[in-house]
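Working notes for the structure below.
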Amino acid sequence: MYGAGPAKISEQVTKDSGKYFSKQEAQEVISEYFKTFHKLRKWIDENQKFIEHNGFVYSFFGRKRRLPNVNSEDKGIKSHSIRSGLNFLVQSTASDINLLGAIDMNEYIKSKGMGARIFALVHDSILAEVPEEEVDHYMEKLAHFVQMDRGVSIPGAPIGCDFEIVHEDYSNGKFEDYYGS
């Protein structure tokens with residue numbers, strides 16, 4: 001919602017759903033969204049101005065994203081750069097929260113002598129091998145660590161944690177297909 005207008009939302013929803021979603025319907029959704037999240041408009045405006053003026057932005061946890069194309073004469077390139085900066089503010093914070101949760105979980109695994117092993121972070125996923133008897137406890141503790149208040153929580157809106165259990169392997173057998181057992 002932070003940058004897409006009614007035409008873009010109409011196009012995307014129509015494409016994703018296979019059912020026509022008009023610009024008017026999109027505008028109504030946008031209006032209702034910003035009415036519900038009334039402080040979001042101010043946050044977007046303030047950050048857009050900062051990005052446009054400075055050509056960079058810092059995430060909540062201190063990552064810096066340089067955005068030199070905010071000075072472009074091409075309005076499309078300039079607006080894309082500003083949207084990228086706003087997206088960075090959201091995505092990098094989510095990524096950092098996930099990373100901190102994984103670090104805390106890894107320390108917990110070690111301290112409790114668990115057999116679980118975190119082996120990768122991919123975008124917004126934490127991949128782990130977990131013995132069957134530890135799965136429920138692992139999921140409970142990981143959700144706790146990811147959802148901890150790290151200074152950016154919204155009261156009444158905890159960070160979502162979804163779990164998917166794959167009983168064989170993350171590659172769904174493709175690893176063995178390529179490399180043998």
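Identifiers in this document derive from the order of the structure tokens: chains are assigned A, B, ..., residues are numbered from 1 separately in each chain, and ligands are numbered from 1 in order of occurrence.
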Spatial neighbours of Val130 (chain A), max dist 10 Å, only C-alpha atoms, sep filter under 3 positions, as number ranges by chain
A: 114-118, 127, 133-136, 138-139, 165, 167
I'd like to know which residues of region 52-140 of chain A are strand (DSSP E or B) (by DSSP, run on the backbone); could you write them as a list in words?
Phe56, Val57, Tyr58, Lys64, Arg65, Arg66, Arg117, Ile118, Phe119, Ala120, Leu121, Val122, Ser125, Ile126, Leu127, Ala128 and Glu129 of chain A
Option closest in space to Glu11 (chain A), from A:Lys110, A:Arg41, A:Lys23, A:Lys141 [counting only C-alpha atoms]:
A:Lys23
Would you please give, as a JSON list (two decimals) with N, CA and C atoms, in the first residue's frame, all residues of region 1-86 of chain A that DSSP assigns to alpha helix (DSSP H) based on the backbone?
[["chain", "number", "residue", "atom", "x", "y", "z"],
["A", 6, "PRO", "N", -4.29, 3.29, -7.28],
["A", 6, "PRO", "CA", -5.46, 2.47, -7.64],
["A", 6, "PRO", "C", -5.25, 1.66, -8.92],
["A", 7, "ALA", "N", -4.58, 2.24, -9.91],
["A", 7, "ALA", "CA", -4.38, 1.51, -11.17],
["A", 7, "ALA", "C", -3.52, 0.28, -10.95],
["A", 8, "LYS", "N", -2.44, 0.43, -10.20],
["A", 8, "LYS", "CA", -1.52, -0.69, -9.94],
["A", 8, "LYS", "C", -2.20, -1.77, -9.11],
["A", 9, "ILE", "N", -2.94, -1.36, -8.09],
["A", 9, "ILE", "CA", -3.62, -2.33, -7.24],
["A", 9, "ILE", "C", -4.72, -3.04, -8.02],
["A", 10, "SER", "N", -5.46, -2.31, -8.83],
["A", 10, "SER", "CA", -6.49, -2.91, -9.68],
["A", 10, "SER", "C", -5.88, -3.97, -10.59],
["A", 11, "GLU", "N", -4.78, -3.62, -11.21],
["A", 11, "GLU", "CA", -4.10, -4.54, -12.12],
["A", 11, "GLU", "C", -3.60, -5.78, -11.39],
["A", 12, "GLN", "N", -2.96, -5.58, -10.24],
["A", 12, "GLN", "CA", -2.37, -6.71, -9.50],
["A", 12, "GLN", "C", -3.43, -7.64, -8.94],
["A", 13, "VAL", "N", -4.49, -7.08, -8.34],
["A", 13, "VAL", "CA", -5.55, -7.91, -7.77],
["A", 13, "VAL", "C", -6.27, -8.67, -8.88],
["A", 14, "THR", "N", -6.53, -8.01, -10.00],
["A", 14, "THR", "CA", -7.17, -8.68, -11.14],
["A", 14, "THR", "C", -6.30, -9.84, -11.63],
["A", 15, "LYS", "N", -5.01, -9.59, -11.74],
["A", 15, "LYS", "CA", -4.07, -10.63, -12.19],
["A", 15, "LYS", "C", -4.02, -11.80, -11.19],
["A", 16, "ASP", "N", -3.88, -11.48, -9.91],
["A", 16, "ASP", "CA", -3.73, -12.51, -8.88],
["A", 16, "ASP", "C", -5.01, -13.32, -8.66],
["A", 17, "SER", "N", -6.16, -12.65, -8.73],
["A", 17, "SER", "CA", -7.42, -13.33, -8.43],
["A", 17, "SER", "C", -8.11, -13.91, -9.66],
["A", 23, "LYS", "N", -10.53, 0.09, -10.66],
["A", 23, "LYS", "CA", -9.75, 1.16, -10.01],
["A", 23, "LYS", "C", -10.56, 1.78, -8.87],
["A", 24, "GLN", "N", -11.86, 1.87, -9.07],
["A", 24, "GLN", "CA", -12.73, 2.44, -8.03],
["A", 24, "GLN", "C", -12.69, 1.55, -6.78],
["A", 25, "GLU", "N", -12.77, 0.23, -6.97],
["A", 25, "GLU", "CA", -12.69, -0.69, -5.82],
["A", 25, "GLU", "C", -11.33, -0.56, -5.15],
["A", 26, "ALA", "N", -10.29, -0.45, -5.95],
["A", 26, "ALA", "CA", -8.93, -0.30, -5.41],
["A", 26, "ALA", "C", -8.82, 0.98, -4.60],
["A", 27, "GLN", "N", -9.38, 2.07, -5.11],
["A", 27, "GLN", "CA", -9.35, 3.34, -4.38],
["A", 27, "GLN", "C", -10.08, 3.24, -3.05],
["A", 28, "GLU", "N", -11.18, 2.51, -3.04],
["A", 28, "GLU", "CA", -11.93, 2.32, -1.79],
["A", 28, "GLU", "C", -11.10, 1.54, -0.77],
["A", 29, "VAL", "N", -10.40, 0.51, -1.24],
["A", 29, "VAL", "CA", -9.54, -0.29, -0.35],
["A", 29, "VAL", "C", -8.41, 0.59, 0.20],
["A", 30, "ILE", "N", -7.79, 1.38, -0.67],
["A", 30, "ILE", "CA", -6.70, 2.27, -0.25],
["A", 30, "ILE", "C", -7.21, 3.26, 0.80],
["A", 31, "SER", "N", -8.35, 3.88, 0.54],
["A", 31, "SER", "CA", -8.91, 4.86, 1.47],
["A", 31, "SER", "C", -9.22, 4.23, 2.82],
["A", 32, "GLU", "N", -9.83, 3.06, 2.80],
["A", 32, "GLU", "CA", -10.17, 2.36, 4.04],
["A", 32, "GLU", "C", -8.91, 1.95, 4.79],
["A", 33, "TYR", "N", -7.90, 1.50, 4.05],
["A", 33, "TYR", "CA", -6.64, 1.08, 4.65],
["A", 33, "TYR", "C", -6.00, 2.24, 5.41],
["A", 34, "PHE", "N", -5.89, 3.40, 4.77],
["A", 34, "PHE", "CA", -5.26, 4.54, 5.43],
["A", 34, "PHE", "C", -6.15, 5.16, 6.50],
["A", 35, "LYS", "N", -7.45, 4.93, 6.42],
["A", 35, "LYS", "CA", -8.34, 5.36, 7.49],
["A", 35, "LYS", "C", -8.12, 4.48, 8.72],
["A", 36, "THR", "N", -7.95, 3.19, 8.48],
["A", 36, "THR", "CA", -7.71, 2.24, 9.58],
["A", 36, "THR", "C", -6.34, 2.46, 10.20],
["A", 38, "HIS", "N", -4.21, 5.19, 10.32],
["A", 38, "HIS", "CA", -4.12, 6.62, 10.07],
["A", 38, "HIS", "C", -2.71, 7.20, 10.26],
["A", 39, "LYS", "N", -1.88, 6.60, 11.08],
["A", 39, "LYS", "CA", -0.52, 7.12, 11.28],
["A", 39, "LYS", "C", 0.43, 6.69, 10.17],
["A", 40, "LEU", "N", 0.02, 5.71, 9.39],
["A", 40, "LEU", "CA", 0.87, 5.21, 8.32],
["A", 40, "LEU", "C", 1.12, 6.27, 7.25],
["A", 41, "ARG", "N", 0.12, 7.04, 6.90],
["A", 41, "ARG", "CA", 0.27, 8.08, 5.87],
["A", 41, "ARG", "C", 1.37, 9.06, 6.29],
["A", 42, "LYS", "N", 1.36, 9.48, 7.56],
["A", 42, "LYS", "CA", 2.37, 10.40, 8.06],
["A", 42, "LYS", "C", 3.76, 9.77, 7.99],
["A", 43, "TRP", "N", 3.87, 8.50, 8.39],
["A", 43, "TRP", "CA", 5.15, 7.78, 8.34],
["A", 43, "TRP", "C", 5.66, 7.71, 6.90],
["A", 44, "ILE", "N", 4.80, 7.38, 5.99],
["A", 44, "ILE", "CA", 5.20, 7.29, 4.57],
["A", 44, "ILE", "C", 5.67, 8.66, 4.08],
["A", 45, "ASP", "N", 4.88, 9.69, 4.33],
["A", 45, "ASP", "CA", 5.23, 11.03, 3.86],
["A", 45, "ASP", "C", 6.57, 11.50, 4.43],
["A", 46, "GLU", "N", 6.76, 11.30, 5.73],
["A", 46, "GLU", "CA", 8.03, 11.72, 6.36],
["A", 46, "GLU", "C", 9.22, 10.97, 5.77],
["A", 47, "ASN", "N", 9.08, 9.68, 5.58],
["A", 47, "ASN", "CA", 10.19, 8.89, 5.05],
["A", 47, "ASN", "C", 10.43, 9.16, 3.57],
["A", 48, "GLN", "N", 9.38, 9.41, 2.81],
["A", 48, "GLN", "CA", 9.57, 9.78, 1.40],
["A", 48, "GLN", "C", 10.37, 11.07, 1.30],
["A", 49, "LYS", "N", 10.01, 12.05, 2.10],
["A", 49, "LYS", "CA", 10.73, 13.33, 2.09],
["A", 49, "LYS", "C", 12.20, 13.14, 2.49],
["A", 50, "PHE", "N", 12.44, 12.33, 3.51],
["A", 50, "PHE", "CA", 13.80, 12.08, 3.96],
["A", 50, "PHE", "C", 14.62, 11.42, 2.85],
["A", 51, "ILE", "N", 14.05, 10.39, 2.23],
["A", 51, "ILE", "CA", 14.74, 9.67, 1.16],
["A", 51, "ILE", "C", 15.03, 10.60, -0.01],
["A", 52, "GLU", "N", 14.04, 11.36, -0.41],
["A", 52, "GLU", "CA", 14.20, 12.28, -1.55],
["A", 52, "GLU", "C", 15.27, 13.34, -1.25],
["A", 53, "HIS", "N", 15.29, 13.83, -0.05],
["A", 53, "HIS", "CA", 16.23, 14.89, 0.33],
["A", 53, "HIS", "C", 17.66, 14.36, 0.51],
["A", 54, "ASN", "N", 17.80, 13.15, 1.07],
["A", 54, "ASN", "CA", 19.12, 12.63, 1.45],
["A", 54, "ASN", "C", 19.71, 11.58, 0.51],
["A", 75, "LYS", "N", 10.99, 10.70, -13.77],
["A", 75, "LYS", "CA", 10.08, 10.58, -12.63],
["A", 75, "LYS", "C", 9.78, 9.13, -12.25],
["A", 76, "GLY", "N", 9.75, 8.24, -13.22],
["A", 76, "GLY", "CA", 9.52, 6.82, -12.95],
["A", 76, "GLY", "C", 10.66, 6.22, -12.15],
["A", 77, "ILE", "N", 11.89, 6.53, -12.56],
["A", 77, "ILE", "CA", 13.08, 6.02, -11.85],
["A", 77, "ILE", "C", 13.13, 6.61, -10.45],
["A", 78, "LYS", "N", 12.85, 7.91, -10.36],
["A", 78, "LYS", "CA", 12.88, 8.58, -9.05],
["A", 78, "LYS", "C", 11.84, 7.97, -8.10],
["A", 79, "SER", "N", 10.62, 7.80, -8.57],
["A", 79, "SER", "CA", 9.56, 7.27, -7.69],
["A", 79, "SER", "C", 9.83, 5.81, -7.33],
["A", 80, "HIS", "N", 10.40, 5.05, -8.27],
["A", 80, "HIS", "CA", 10.77, 3.66, -7.96],
["A", 80, "HIS", "C", 11.82, 3.61, -6.86],
["A", 81, "SER", "N", 12.79, 4.51, -6.92],
["A", 81, "SER", "CA", 13.84, 4.57, -5.92],
["A", 81, "SER", "C", 13.26, 4.90, -4.54],
["A", 82, "ILE", "N", 12.34, 5.82, -4.49],
["A", 82, "ILE", "CA", 11.70, 6.19, -3.22],
["A", 82, "ILE", "C", 10.89, 5.01, -2.67],
["A", 83, "ARG", "N", 10.13, 4.33, -3.54],
["A", 83, "ARG", "CA", 9.37, 3.15, -3.09],
["A", 83, "ARG", "C", 10.32, 2.06, -2.59],
["A", 84, "SER", "N", 11.47, 1.91, -3.27],
["A", 84, "SER", "CA", 12.46, 0.92, -2.84],
["A", 84, "SER", "C", 12.97, 1.24, -1.44],
["A", 85, "GLY", "N", 13.15, 2.53, -1.17],
["A", 85, "GLY", "CA", 13.59, 2.94, 0.16],
["A", 85, "GLY", "C", 12.55, 2.63, 1.22],
["A", 86, "LEU", "N", 11.29, 2.88, 0.92],
["A", 86, "LEU", "CA", 10.21, 2.57, 1.86],
["A", 86, "LEU", "C", 10.12, 1.06, 2.08]]
Rounded to one decimal, what separation in Å do you get between CA of Asn98 (chain A) and CA of Ala157 (chain A)?
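Answer for the CA of Asn98 (chain A) to CA of Ala157 (chain A) separation: 16.1 Å.
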Report as an NGL selection string all protein, DNA and RNA residues lying within 9 Å of Phe119 (chain A), evaluated on only C-alpha atoms, omitting residues in the same chain fewer than 4 positions from it.
:A and (126-129)
Same residues, N, CA and C atoms, output as a CSV table (one decimal), in the first residue's frame:
chain,number,residue,atom,x,y,z
A,126,ILE,N,13.2,-19.5,8.5
A,126,ILE,CA,14.3,-20.0,9.3
A,126,ILE,C,14.2,-21.6,9.1
A,127,LEU,N,15.2,-22.1,8.5
A,127,LEU,CA,15.2,-23.6,8.2
A,127,LEU,C,16.0,-24.3,9.2
A,128,ALA,N,15.4,-25.4,9.7
A,128,ALA,CA,16.0,-26.2,10.8
A,128,ALA,C,15.7,-27.7,10.6
A,129,GLU,N,16.6,-28.5,11.1
A,129,GLU,CA,16.3,-29.9,11.3
A,129,GLU,C,16.0,-30.0,12.8
Can you work out which one of A:Tyr58, A:Phe145, A:Phe88, A:Asn69 has the shortest atom-to-atom distance to Gly101 (chain A), counting only C-alpha atoms?
A:Phe145
Quick check, in Å to one decimal: how far apart do CA of Val146 (chain A) and CA of Glu164 (chain A) lie?
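Taking CA of Val146 (chain A) as the start and CA of Glu164 (chain A) as the end point, the length is 15.7 Å.
For the atom pair formed by CA of Phe60 (chain A) and CA of Thr93 (chain A), the distance is 6.2 Å, given to one decimal.
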Counting only C-alpha atoms, which residue out of A:His137, A:Leu67, A:Pro131, A:Leu121 sits closest to Ile97 (chain A)?
A:Leu121
Among A:Pro68, A:Asp149, A:Leu99, A:Ser59, Val122 (chain A) is approached most closely, using only C-alpha atoms, by A:Leu99
